>>> print(open('query-v5.txt').read())   # compact mmCIF, C-alpha atoms
# COMPACT_ATOMS: atom_id res chain seq x y z
CA MET A 1 50.48 -70.43 61.99
CA LEU A 2 53.77 -69.05 60.78
CA ARG A 3 56.64 -69.00 63.21
CA PHE A 4 57.98 -65.47 63.49
CA CYS A 5 61.37 -65.28 61.86
CA CYS A 6 62.91 -63.18 59.14
CA LEU A 7 60.77 -61.65 56.41
CA LEU A 8 62.50 -63.65 53.66
CA ASP A 9 61.72 -66.93 55.45
CA ILE A 10 58.06 -65.95 55.77
CA LEU A 11 57.82 -65.02 52.08
CA GLN A 12 59.38 -68.36 51.14
CA ARG A 13 56.88 -70.24 53.28
CA ILE A 14 53.96 -68.31 51.80
CA THR A 15 55.24 -69.17 48.32
CA GLY A 16 55.40 -72.83 49.37
CA PHE A 17 51.80 -72.69 50.63
CA ASN A 18 50.80 -71.20 47.26
CA LEU A 19 52.14 -74.29 45.52
CA LEU A 20 50.04 -76.47 47.84
CA HIS A 21 46.88 -74.52 46.96
CA VAL A 22 47.30 -74.12 43.22
CA LYS A 23 43.79 -75.41 42.52
CA GLU A 24 42.06 -72.92 44.82
CA GLY A 25 44.20 -69.89 43.90
CA PHE A 26 44.31 -68.59 47.48
CA HIS A 27 44.75 -69.74 51.06
CA CYS A 28 44.47 -68.40 54.59
CA ILE A 29 47.39 -67.84 56.97
CA TRP A 30 47.49 -66.32 60.44
CA PHE A 31 49.62 -63.30 61.27
CA GLY A 32 49.40 -63.37 65.05
CA PRO A 33 45.69 -62.98 65.88
CA ASN A 34 44.78 -61.85 62.36
CA PRO A 35 43.67 -64.20 59.58
CA VAL A 36 45.02 -63.08 56.20
CA ILE A 37 44.01 -64.47 52.82
CA THR A 38 46.92 -64.72 50.40
CA MET A 39 45.80 -64.64 46.77
CA PHE A 40 47.82 -65.57 43.70
CA SER A 41 45.19 -66.55 41.14
CA PRO A 42 44.80 -63.87 38.41
CA GLU A 43 41.01 -64.24 38.53
CA VAL A 44 40.59 -63.56 42.24
CA ILE A 45 43.23 -60.78 42.25
CA GLU A 46 41.38 -59.13 39.37
CA LEU A 47 38.17 -59.15 41.41
CA VAL A 48 39.89 -57.24 44.21
CA LEU A 49 42.04 -54.79 42.26
CA SER A 50 39.29 -53.86 39.82
CA SER A 51 36.94 -52.94 42.69
CA SER A 52 36.21 -49.23 43.13
CA ILE A 53 35.01 -49.92 46.68
CA SER A 54 37.80 -51.95 48.28
CA LEU A 55 40.53 -49.29 48.12
CA GLU A 56 41.51 -49.44 51.79
CA LYS A 57 45.05 -50.67 52.47
CA SER A 58 45.72 -53.60 54.81
CA PHE A 59 46.75 -53.04 58.43
CA GLU A 60 50.52 -53.25 57.74
CA TYR A 61 50.42 -49.91 55.91
CA SER A 62 49.51 -48.17 59.18
CA PHE A 63 53.05 -48.92 60.41
CA LEU A 64 54.32 -46.45 57.80
CA GLN A 65 52.07 -43.57 58.79
CA ARG A 66 54.40 -42.02 61.36
CA TRP A 67 57.03 -41.86 58.63
CA LEU A 68 55.02 -41.17 55.46
CA GLY A 69 51.86 -39.70 56.98
CA LEU A 70 48.85 -40.13 54.72
CA GLY A 71 50.63 -39.76 51.42
CA LEU A 72 49.85 -41.54 48.18
CA LEU A 73 51.10 -44.90 49.48
CA THR A 74 49.21 -44.99 52.78
CA SER A 75 46.07 -42.93 52.08
CA THR A 76 42.79 -44.45 50.93
CA GLY A 77 39.45 -43.51 49.44
CA THR A 78 38.68 -39.89 48.58
CA LYS A 79 42.01 -38.50 49.78
CA TRP A 80 43.95 -41.02 47.70
CA LYS A 81 41.92 -40.21 44.58
CA SER A 82 42.24 -36.44 44.95
CA ARG A 83 45.95 -36.58 45.81
CA ARG A 84 46.69 -38.83 42.83
CA LYS A 85 44.85 -36.44 40.53
CA LEU A 86 46.91 -33.53 41.84
CA LEU A 87 50.23 -35.33 41.39
CA THR A 88 49.61 -36.82 37.94
CA PRO A 89 51.14 -33.89 35.96
CA SER A 90 54.56 -34.43 37.59
CA PHE A 91 54.77 -37.94 36.09
CA HIS A 92 54.44 -36.94 32.46
CA PHE A 93 56.89 -38.91 30.31
CA LYS A 94 58.33 -35.70 28.85
CA ILE A 95 59.75 -34.73 32.24
CA LEU A 96 62.41 -37.43 31.82
CA ASP A 97 64.12 -35.19 29.26
CA ASP A 98 64.96 -32.71 32.02
CA PHE A 99 66.25 -35.45 34.32
CA LEU A 100 68.55 -37.17 31.82
CA PRO A 101 71.69 -35.28 32.98
CA THR A 102 71.10 -36.56 36.52
CA PHE A 103 70.51 -40.12 35.30
CA ASN A 104 73.70 -39.99 33.25
CA ASP A 105 75.92 -38.47 35.93
CA GLN A 106 74.85 -40.81 38.72
CA SER A 107 74.84 -43.96 36.58
CA MET A 108 78.33 -43.17 35.25
CA PHE A 109 79.55 -42.78 38.84
CA LEU A 110 78.07 -46.22 39.63
CA VAL A 111 79.72 -47.80 36.57
CA LYS A 112 83.14 -46.42 37.53
CA LYS A 113 82.63 -47.74 41.06
CA LEU A 114 81.82 -51.21 39.70
CA GLU A 115 84.84 -51.08 37.39
CA SER A 116 87.08 -50.48 40.39
CA LEU A 117 85.67 -53.64 42.01
CA GLN A 118 85.87 -55.95 38.98
CA HIS A 119 88.87 -57.90 40.30
CA LYS A 120 87.10 -58.95 43.50
CA GLU A 121 85.83 -62.51 43.78
CA TYR A 122 82.26 -61.25 44.07
CA VAL A 123 80.49 -57.92 44.61
CA ASP A 124 77.16 -57.32 46.33
CA ILE A 125 75.69 -54.83 43.89
CA THR A 126 72.48 -54.11 45.80
CA PRO A 127 73.92 -51.57 48.30
CA LEU A 128 75.75 -49.80 45.45
CA VAL A 129 72.60 -49.63 43.31
CA ILE A 130 70.57 -48.35 46.28
CA LEU A 131 73.00 -45.45 46.79
CA CYS A 132 72.78 -44.61 43.08
CA THR A 133 68.97 -44.59 42.98
CA LEU A 134 68.85 -42.61 46.23
CA ASP A 135 71.04 -39.92 44.66
CA ILE A 136 68.88 -39.85 41.52
CA VAL A 137 65.53 -39.78 43.31
CA CYS A 138 66.65 -37.16 45.83
CA GLU A 139 67.85 -34.86 43.08
CA THR A 140 64.84 -35.34 40.81
CA VAL A 141 62.14 -35.38 43.49
CA MET A 142 63.48 -32.83 45.97
CA GLY A 143 65.92 -30.95 43.77
CA ALA A 144 68.63 -31.53 46.40
CA SER A 145 71.91 -33.39 46.05
CA ILE A 146 72.87 -35.70 48.92
CA GLY A 147 75.98 -37.34 47.44
CA ALA A 148 75.10 -40.79 48.75
CA GLN A 149 77.52 -42.52 46.35
CA LYS A 150 80.31 -40.19 47.49
CA GLY A 151 79.74 -41.01 51.15
CA GLU A 152 78.09 -37.67 51.96
CA ASN A 153 75.02 -37.17 54.19
CA ILE A 154 75.63 -40.57 55.72
CA GLU A 155 73.21 -39.91 58.56
CA TYR A 156 70.27 -39.31 56.19
CA VAL A 157 71.19 -42.21 53.89
CA SER A 158 71.45 -44.61 56.85
CA ALA A 159 68.20 -43.32 58.35
CA VAL A 160 66.20 -43.98 55.15
CA HIS A 161 67.64 -47.50 54.96
CA ASN A 162 67.02 -48.21 58.65
CA LEU A 163 63.41 -47.05 58.56
CA GLY A 164 62.65 -49.60 55.85
CA ASN A 165 64.25 -52.32 57.97
CA PHE A 166 62.28 -51.28 61.05
CA PHE A 167 59.06 -51.52 59.03
CA ASN A 168 59.95 -55.06 57.91
CA GLN A 169 60.82 -56.09 61.48
CA ARG A 170 57.56 -54.74 62.84
CA THR A 171 55.48 -56.39 60.14
CA VAL A 172 56.58 -59.92 61.11
CA ARG A 173 56.51 -59.43 64.92
CA PRO A 174 52.91 -59.15 66.18
CA TRP A 175 54.00 -58.04 69.65
CA LEU A 176 55.34 -54.85 68.03
CA TRP A 177 52.08 -53.99 66.28
CA LEU A 178 50.85 -51.98 69.27
CA ASP A 179 52.35 -48.49 69.16
CA CYS A 180 52.99 -48.42 72.90
CA LEU A 181 55.00 -51.66 72.85
CA PHE A 182 56.85 -50.69 69.69
CA SER A 183 57.88 -47.36 71.21
CA LEU A 184 59.34 -49.17 74.25
CA SER A 185 61.34 -51.62 72.13
CA SER A 186 64.87 -51.07 70.81
CA SER A 187 63.43 -51.08 67.28
CA GLY A 188 60.95 -48.37 68.25
CA ARG A 189 63.63 -46.17 69.78
CA GLY A 190 65.82 -46.61 66.71
CA PHE A 191 62.84 -45.83 64.51
CA ASP A 192 62.16 -42.56 66.37
CA LYS A 193 65.80 -41.49 66.07
CA ASP A 194 65.99 -42.14 62.33
CA LEU A 195 62.54 -40.66 61.74
CA HIS A 196 63.73 -37.37 63.25
CA VAL A 197 66.72 -37.34 60.87
CA VAL A 198 64.59 -37.97 57.76
CA HIS A 199 61.83 -35.50 58.66
CA SER A 200 64.34 -32.81 59.60
CA PHE A 201 66.11 -33.17 56.26
CA THR A 202 62.84 -33.00 54.29
CA GLU A 203 61.63 -29.95 56.25
CA LYS A 204 64.97 -28.22 55.66
CA VAL A 205 64.75 -28.77 51.90
CA ILE A 206 61.14 -27.52 51.80
CA ARG A 207 62.09 -24.35 53.70
CA GLU A 208 65.03 -23.68 51.38
CA LYS A 209 62.91 -24.24 48.27
CA LYS A 210 60.21 -21.88 49.55
CA GLU A 211 62.77 -19.20 50.32
CA GLU A 212 64.25 -19.62 46.86
CA ARG A 213 60.87 -19.18 45.23
CA ASN A 214 59.99 -16.20 47.41
CA ASN A 215 63.25 -14.49 46.47
CA LYS A 216 62.54 -15.02 42.78
CA PRO A 217 58.89 -14.06 42.28
CA LEU A 218 57.42 -15.04 38.95
CA LEU A 219 56.14 -12.23 36.77
CA LYS A 220 52.47 -12.48 35.96
CA GLU A 221 52.01 -12.65 32.24
CA GLU A 222 49.68 -14.26 29.79
CA VAL A 223 50.74 -17.63 28.55
CA SER A 224 49.63 -19.70 25.60
CA GLU A 225 47.93 -23.07 25.95
CA ASP A 226 51.18 -24.83 24.97
CA ASP A 227 53.08 -22.92 27.65
CA PHE A 228 50.47 -23.90 30.20
CA LYS A 229 50.80 -27.59 29.28
CA THR A 230 54.56 -27.33 29.59
CA LYS A 231 54.23 -25.58 32.94
CA LYS A 232 52.17 -28.46 34.28
CA ARG A 233 54.99 -30.92 33.57
CA LEU A 234 56.81 -30.05 36.78
CA ALA A 235 59.14 -32.02 39.01
CA LEU A 236 57.44 -33.32 42.14
CA MET A 237 58.76 -30.69 44.58
CA ASP A 238 57.95 -27.83 42.17
CA LEU A 239 54.44 -29.14 41.64
CA LEU A 240 53.85 -29.54 45.37
CA LEU A 241 55.12 -26.04 46.12
CA ASP A 242 52.87 -24.62 43.38
CA LEU A 243 49.89 -26.37 44.94
CA HIS A 244 50.93 -25.01 48.35
CA MET A 245 52.00 -21.44 47.61
CA ASN A 246 49.90 -20.50 44.59
CA GLU A 247 46.76 -22.60 44.88
CA GLN A 248 46.64 -23.31 48.64
CA GLN A 249 45.59 -26.91 48.02
CA LEU A 250 48.36 -28.46 50.11
CA THR A 251 49.92 -27.67 53.47
CA GLU A 252 53.63 -27.97 54.27
CA ASN A 253 52.84 -31.22 56.05
CA ASP A 254 51.14 -32.54 52.89
CA ILE A 255 54.31 -31.73 50.92
CA LYS A 256 56.44 -33.55 53.49
CA GLU A 257 54.19 -36.61 53.27
CA GLU A 258 54.48 -36.90 49.50
CA VAL A 259 58.20 -36.12 49.34
CA ASP A 260 59.01 -38.72 52.01
CA THR A 261 56.72 -41.21 50.25
CA PHE A 262 58.41 -40.85 46.88
CA MET A 263 61.88 -40.79 48.39
CA PHE A 264 61.14 -44.18 49.99
CA GLU A 265 59.13 -45.75 47.18
CA GLY A 266 61.17 -44.30 44.33
CA HIS A 267 64.68 -45.29 45.32
CA ASP A 268 63.91 -48.68 46.88
CA THR A 269 61.68 -50.14 44.18
CA THR A 270 63.96 -48.88 41.39
CA ALA A 271 67.02 -50.33 43.09
CA MET A 272 65.36 -53.73 43.46
CA GLY A 273 64.29 -53.67 39.83
CA ILE A 274 67.84 -52.90 38.66
CA ALA A 275 69.38 -55.55 40.94
CA PHE A 276 67.04 -58.30 39.72
CA ALA A 277 67.47 -57.23 36.09
CA LEU A 278 71.25 -57.57 36.44
CA TYR A 279 70.72 -60.96 38.08
CA CYS A 280 68.52 -62.21 35.22
CA ILE A 281 70.87 -60.85 32.55
CA GLY A 282 73.83 -62.44 34.32
CA LEU A 283 72.23 -65.88 34.13
CA ASP A 284 72.29 -66.05 30.35
CA PRO A 285 75.42 -65.21 28.29
CA GLY A 286 73.29 -65.25 25.12
CA ILE A 287 71.11 -62.44 26.41
CA GLN A 288 74.20 -60.50 27.49
CA GLU A 289 75.63 -60.81 23.99
CA LYS A 290 72.44 -59.52 22.35
CA ILE A 291 72.30 -56.53 24.72
CA HIS A 292 75.97 -55.84 23.99
CA GLU A 293 75.34 -55.93 20.25
CA GLU A 294 72.42 -53.53 20.57
CA LEU A 295 74.44 -51.05 22.64
CA ASP A 296 77.41 -51.29 20.26
CA ALA A 297 75.08 -50.45 17.37
CA ILE A 298 73.91 -47.35 19.25
CA PHE A 299 77.17 -46.06 20.74
CA GLY A 300 79.82 -47.52 18.45
CA GLU A 301 83.27 -46.92 19.95
CA ASP A 302 82.17 -43.97 22.08
CA HIS A 303 81.56 -45.60 25.46
CA GLU A 304 81.72 -42.36 27.45
CA ARG A 305 79.07 -40.19 25.86
CA HIS A 306 75.85 -39.53 27.72
CA ILE A 307 72.65 -41.31 26.77
CA THR A 308 69.90 -39.35 25.02
CA MET A 309 66.19 -40.10 24.90
CA ASP A 310 66.61 -41.26 21.29
CA ASP A 311 69.25 -43.73 22.48
CA ALA A 312 66.88 -45.06 25.14
CA ARG A 313 64.09 -45.50 22.58
CA ASN A 314 66.42 -47.55 20.39
CA MET A 315 67.27 -50.00 23.20
CA LYS A 316 64.44 -52.34 22.21
CA TYR A 317 65.99 -55.60 23.35
CA LEU A 318 67.22 -54.11 26.63
CA GLU A 319 63.70 -52.84 27.24
CA CYS A 320 62.42 -56.39 26.74
CA THR A 321 64.85 -57.79 29.30
CA LEU A 322 63.92 -55.13 31.87
CA LYS A 323 60.20 -55.79 31.44
CA GLU A 324 60.71 -59.53 31.59
CA SER A 325 62.76 -59.16 34.76
CA GLN A 326 60.02 -57.04 36.34
CA ARG A 327 57.43 -59.66 35.41
CA LEU A 328 59.47 -62.46 36.95
CA TYR A 329 60.75 -60.49 39.94
CA PRO A 330 58.44 -57.53 40.65
CA SER A 331 59.97 -54.82 42.82
CA VAL A 332 57.00 -55.07 45.19
CA PRO A 333 56.22 -58.79 45.59
CA MET A 334 53.01 -58.31 47.56
CA ILE A 335 50.36 -55.64 48.14
CA GLY A 336 47.64 -55.58 50.80
CA ARG A 337 43.98 -54.64 50.78
CA LYS A 338 41.10 -54.69 53.24
CA LEU A 339 37.79 -55.76 51.72
CA ASN A 340 34.99 -53.21 52.01
CA GLU A 341 32.51 -55.53 50.32
CA ASP A 342 31.83 -59.26 50.02
CA ILE A 343 33.36 -60.84 46.95
CA HIS A 344 32.41 -64.16 45.36
CA TYR A 345 34.95 -66.39 43.66
CA LYS A 346 33.91 -69.78 42.30
CA HIS A 347 31.93 -71.37 45.17
CA TRP A 348 33.57 -69.31 47.93
CA MET A 349 32.48 -66.04 49.50
CA ILE A 350 35.19 -63.82 51.03
CA PRO A 351 33.47 -61.56 53.57
CA LYS A 352 33.75 -57.81 53.99
CA GLY A 353 36.49 -56.77 56.42
CA THR A 354 38.90 -59.54 55.40
CA THR A 355 42.58 -58.66 55.02
CA LEU A 356 43.96 -59.73 51.64
CA HIS A 357 47.51 -60.07 50.38
CA CYS A 358 47.86 -60.04 46.59
CA ASN A 359 50.96 -62.12 45.95
CA ILE A 360 52.31 -60.67 42.71
CA HIS A 361 55.48 -62.75 42.79
CA THR A 362 53.52 -66.00 42.36
CA TYR A 363 50.89 -64.46 40.08
CA THR A 364 50.39 -67.60 37.96
CA GLU A 365 47.74 -69.43 36.01
CA GLY A 366 47.76 -71.99 38.79
CA LYS A 367 46.80 -75.05 36.75
CA ILE A 368 49.77 -76.22 34.69
CA TYR A 369 53.45 -76.24 35.55
CA ILE A 370 56.20 -76.86 33.05
CA ARG A 371 59.91 -77.60 33.47
CA ARG A 372 62.31 -76.04 30.95
CA PRO A 373 66.12 -76.14 30.87
CA LYS A 374 67.38 -72.55 31.16
CA CYS A 375 66.51 -68.86 31.09
CA SER A 376 65.34 -67.36 27.83
CA ILE A 377 63.32 -64.40 26.69
CA GLN A 378 60.62 -64.81 24.10
CA LYS A 379 59.84 -61.83 21.91
CA ASP A 380 56.13 -62.46 22.45
CA SER A 381 56.44 -61.55 26.12
CA CYS A 382 57.99 -58.16 25.32
CA GLN A 383 55.19 -56.93 23.10
CA ARG A 384 52.44 -54.78 24.47
CA ILE A 385 49.18 -56.71 24.54
CA HIS A 386 45.57 -55.70 24.62
CA ARG A 387 43.77 -56.02 27.94
CA THR A 388 41.56 -58.79 26.56
CA ASP A 389 44.65 -60.90 25.86
CA ILE A 390 45.91 -60.92 29.44
CA ARG A 391 44.67 -64.42 30.15
CA THR A 392 46.65 -66.02 27.31
CA PRO A 393 49.42 -68.05 28.98
CA ILE A 394 52.96 -67.95 27.62
CA TYR A 395 55.50 -70.38 28.99
CA HIS A 396 58.95 -69.11 29.84
CA SER A 397 61.89 -71.31 30.68
CA LEU A 398 63.56 -70.77 34.01
CA GLN A 399 66.50 -72.50 35.64
CA ASP A 400 66.62 -76.31 35.85
CA HIS A 401 65.70 -76.32 39.54
CA GLU A 402 62.71 -74.02 39.06
CA ILE A 403 59.28 -75.16 37.98
CA ALA A 404 56.86 -72.43 37.03
CA LEU A 405 54.20 -71.23 34.73
CA VAL A 406 54.29 -67.51 34.09
CA ARG A 407 51.78 -65.35 32.37
CA ASN A 408 52.09 -62.67 29.75
CA LEU A 409 50.89 -59.75 31.84
CA HIS A 410 50.76 -56.17 30.60
CA CYS A 411 54.34 -54.93 30.07
>>> encode(input="query-v5.txt", output="structure tokens")
Amino acid sequence: MLRFCCLLDILQRITGFNLLHVKEGFHCIWFGPNPVITMFSPEVIELVLSSSISLEKSFEYSFLQRWLGLGLLTSTGTKWKSRRKLLTPSFHFKILDDFLPTFNDQSMFLVKKLESLQHKEYVDITPLVILCTLDIVCETVMGASIGAQKGENIEYVSAVHNLGNFFNQRTVRPWLWLDCLFSLSSSGRGFDKDLHVVHSFTEKVIREKKEERNNKPLLKEEVSEDDFKTKKRLALMDLLLDLHMNEQQLTENDIKEEVDTFMFEGHDTTAMGIAFALYCIGLDPGIQEKIHEELDAIFGEDHERHITMDDARNMKYLECTLKESQRLYPSVPMIGRKLNEDIHYKHWMIPKGTTLHCNIHTYTEGKIYIRRPKCSIQKDSCQRIHRTDIRTPIYHSLQDHEIALVRNLHC
């Protein structure tokens, strides 16, 4: 049984157990009274994630429901499928064109902030990146500016950060799993306070957006098929309000669920991805030089102009480094499922009702380990591969003290 300590310590111990059970590809640990099977073999994870029956999330996701309701992250089954279908149009790649000004403005603010700190002995970039992604996601998802990087709306910014910490604390402390005990604890009281701040802000934005739309009624007119396709590529808040006001498919509470979900998921996962990418790039001067050469070829001497979509498409090597970083250090290191059917793997049977943790961070072949001298990126790992090629192992060198086999998963 794991001793209950910080989340990082628990993740490190689970990773250590994975190394002890390489042959099996999974092992069982106990979270309080609950047995949990941690899986890291590609074969057994594929059995679970490819199932159309076992879509129910593990018990930890229920701790998010008071905050995120039953949005896309926490819902299961029919509701998850229908909600995902409704939201798909707002994630069309073309919508990035409209958001580029926001990306440029907020990223330039972050760069200038980092430049002002360059003479310090060291800088913790994670909090700075989190503020940047929070500004971007808030503006692109809700259409509201919170000025997190400028020190504005501190109460909301702190509340979003605190709620994530409260979730992590509750996950690793079984005595806080019961709602009644959690509500009586200091963490529970802090959670309630911050939850009120976040929900109040979201409700305020929804009300303002509805009033804005009501004051500017759209004229009914015939539109061509191309116009209709363009209309469906809406930002998240616009799409949700359309589904609420025009099609009556969502309630205001449904909108709040999805907005809060994407505010949490969007800014946090993106920030972690950026932070780890900078870490990986910083480990290898050779990679830094190649990225620098690529950017110089695109921008020349003009270091201040805003990036266009054509610029982004030409950043081939930078794209490789970002994908490689995500493969090595995924933004979400673990996902949970509850089995709704028995599954058979080799000579084992994992029964229905079992809680499973898919450990993406140690998603390895599990049979061979290789030591290599330093970080490098192979072009092979940056190319898109066909689904049938997923099992082909490619070895990547890590730091001297790390021993690992990594796989060429879909980029």
>>> residues_near_point(input="query-v5.txt", point="(40.1, -54.7, 43.7)", cutoff="12 Å", atoms="all atoms listed in the file", output="PyMOL selection string")
chain A and resi 39+42-57+335-343+356-358
>>> atom_distance(input="query-v5.txt", atom1="CA of Asn215 (chain A)", atom2="CA of Phe262 (chain A)")
26.8 Å
>>> closest_residue(input="query-v5.txt", among="A:Glu115, A:Phe166, A:Tyr156, A:Leu72", to="Thr88 (chain A)", atoms="only C-alpha atoms")
A:Leu72
>>> atom_distance(input="query-v5.txt", atom1="CA of His303 (chain A)", atom2="CA of Asp98 (chain A)")
22.0 Å
>>> residues_around(input="query-v5.txt", residues="region 103-107 of chain A", least_positions_apart="5", cutoff="8 Å", atoms="only C-alpha atoms", output="NGL selection string")
:A and (132 or 135-136 or 306-307)
>>> atom_distance(input="query-v5.txt", atom1="CA of Thr133 (chain A)", atom2="CA of Ala312 (chain A)")
18.0 Å
>>> closest_residue(input="query-v5.txt", among="A:Thr74, A:Phe17, A:His267, A:Ile154", to="Thr140 (chain A)", atoms="all atoms listed in the file")
A:His267
>>> closest_residue(input="query-v5.txt", among="A:Ile37, A:Val157, A:Leu70, A:Ile206", to="Glu24 (chain A)", atoms="only C-alpha atoms")
A:Ile37
>>> residues_around(input="query-v5.txt", residues="region 200-203 of chain A", least_positions_apart="5", cutoff="9 Å", atoms="only C-alpha atoms", output="list in words")
Met142, Tyr156, Leu195, Glu208, Glu252, Asn253, Lys256, Val259 and Asp260 of chain A
>>> residues_around(input="query-v5.txt", residues="Ile125 (chain A)", least_positions_apart="3", cutoff="12 Å", atoms="all atoms listed in the file", output="ChimeraX atom specification")
/A:110-111,113-115,117-118,122,128-132,271-272,274-279
>>> closest_residue(input="query-v5.txt", among="A:Pro285, A:Pro101, A:Gly188, A:Gly151", to="Met309 (chain A)", atoms="all atoms listed in the file")
A:Pro101
>>> closest_residue(input="query-v5.txt", among="A:His161, A:Lys316, A:Arg84, A:His361", to="Leu295 (chain A)", atoms="all atoms listed in the file")
A:Lys316
>>> residues_around(input="query-v5.txt", residues="region 176-179 of chain A", least_positions_apart="3", cutoff="10 Å", atoms="all atoms listed in the file", output="VMD selection string")
chain A and resid 32 59 to 60 62 to 63 169 to 173 182 to 185 187 to 188
>>> closest_residue(input="query-v5.txt", among="A:Ala148, A:Ile281, A:Ile350, A:Leu68", to="Phe26 (chain A)", atoms="all atoms listed in the file")
A:Ile350
>>> residues_around(input="query-v5.txt", residues="Gln288 (chain A)", least_positions_apart="4", cutoff="12 Å", atoms="all atoms listed in the file", output="list in words")
Ala277, Leu278, Tyr279, Cys280, Ile281, Gly282, Leu283, Asp284, His292, Glu293, Glu294, Leu295, Tyr317, Leu318, Thr321, Cys375, Ser376 and Ile377 of chain A
>>> build_atoms(input="query-v5.txt", residues="region 268-273 of chain A", atoms="all heavy atoms", output="PDB file, in the coordinates of the input")
ATOM      1  N   ASP A 268      63.851 -47.269  46.486  1.00  0.00           N
ATOM      2  CA  ASP A 268      63.910 -48.680  46.880  1.00  0.00           C
ATOM      3  C   ASP A 268      63.400 -49.605  45.779  1.00  0.00           C
ATOM      4  O   ASP A 268      64.043 -50.596  45.437  1.00  0.00           O
ATOM      5  CB  ASP A 268      63.096 -48.883  48.168  1.00  0.00           C
ATOM      6  CG  ASP A 268      63.241 -50.287  48.723  1.00  0.00           C
ATOM      7  OD1 ASP A 268      64.347 -50.633  49.167  1.00  0.00           O
ATOM      8  OD2 ASP A 268      62.248 -51.038  48.698  1.00  0.00           O
ATOM      9  N   THR A 269      62.253 -49.274  45.217  1.00  0.00           N
ATOM     10  CA  THR A 269      61.680 -50.140  44.180  1.00  0.00           C
ATOM     11  C   THR A 269      62.549 -50.134  42.913  1.00  0.00           C
ATOM     12  O   THR A 269      62.730 -51.170  42.271  1.00  0.00           O
ATOM     13  CB  THR A 269      60.258 -49.696  43.815  1.00  0.00           C
ATOM     14  OG1 THR A 269      60.273 -48.306  43.455  1.00  0.00           O
ATOM     15  CG2 THR A 269      59.312 -49.885  44.991  1.00  0.00           C
ATOM     16  N   THR A 270      63.087 -48.954  42.563  1.00  0.00           N
ATOM     17  CA  THR A 270      63.960 -48.880  41.390  1.00  0.00           C
ATOM     18  C   THR A 270      65.227 -49.682  41.598  1.00  0.00           C
ATOM     19  O   THR A 270      65.691 -50.396  40.689  1.00  0.00           O
ATOM     20  CB  THR A 270      64.309 -47.411  41.080  1.00  0.00           C
ATOM     21  OG1 THR A 270      63.109 -46.648  40.960  1.00  0.00           O
ATOM     22  CG2 THR A 270      65.094 -47.310  39.784  1.00  0.00           C
ATOM     23  N   ALA A 271      65.798 -49.577  42.786  1.00  0.00           N
ATOM     24  CA  ALA A 271      67.020 -50.330  43.090  1.00  0.00           C
ATOM     25  C   ALA A 271      66.784 -51.833  42.994  1.00  0.00           C
ATOM     26  O   ALA A 271      67.616 -52.573  42.447  1.00  0.00           O
ATOM     27  CB  ALA A 271      67.551 -49.957  44.468  1.00  0.00           C
ATOM     28  N   MET A 272      65.656 -52.300  43.538  1.00  0.00           N
ATOM     29  CA  MET A 272      65.360 -53.730  43.460  1.00  0.00           C
ATOM     30  C   MET A 272      65.140 -54.174  42.017  1.00  0.00           C
ATOM     31  O   MET A 272      65.570 -55.263  41.608  1.00  0.00           O
ATOM     32  CB  MET A 272      64.108 -54.056  44.292  1.00  0.00           C
ATOM     33  CG  MET A 272      64.281 -53.853  45.799  1.00  0.00           C
ATOM     34  SD  MET A 272      65.686 -54.771  46.487  1.00  0.00           S
ATOM     35  CE  MET A 272      66.918 -53.477  46.615  1.00  0.00           C
ATOM     36  N   GLY A 273      64.496 -53.328  41.226  1.00  0.00           N
ATOM     37  CA  GLY A 273      64.290 -53.670  39.830  1.00  0.00           C
ATOM     38  C   GLY A 273      65.598 -53.789  39.071  1.00  0.00           C
ATOM     39  O   GLY A 273      65.793 -54.711  38.276  1.00  0.00           O
TER      40      GLY A 273
END
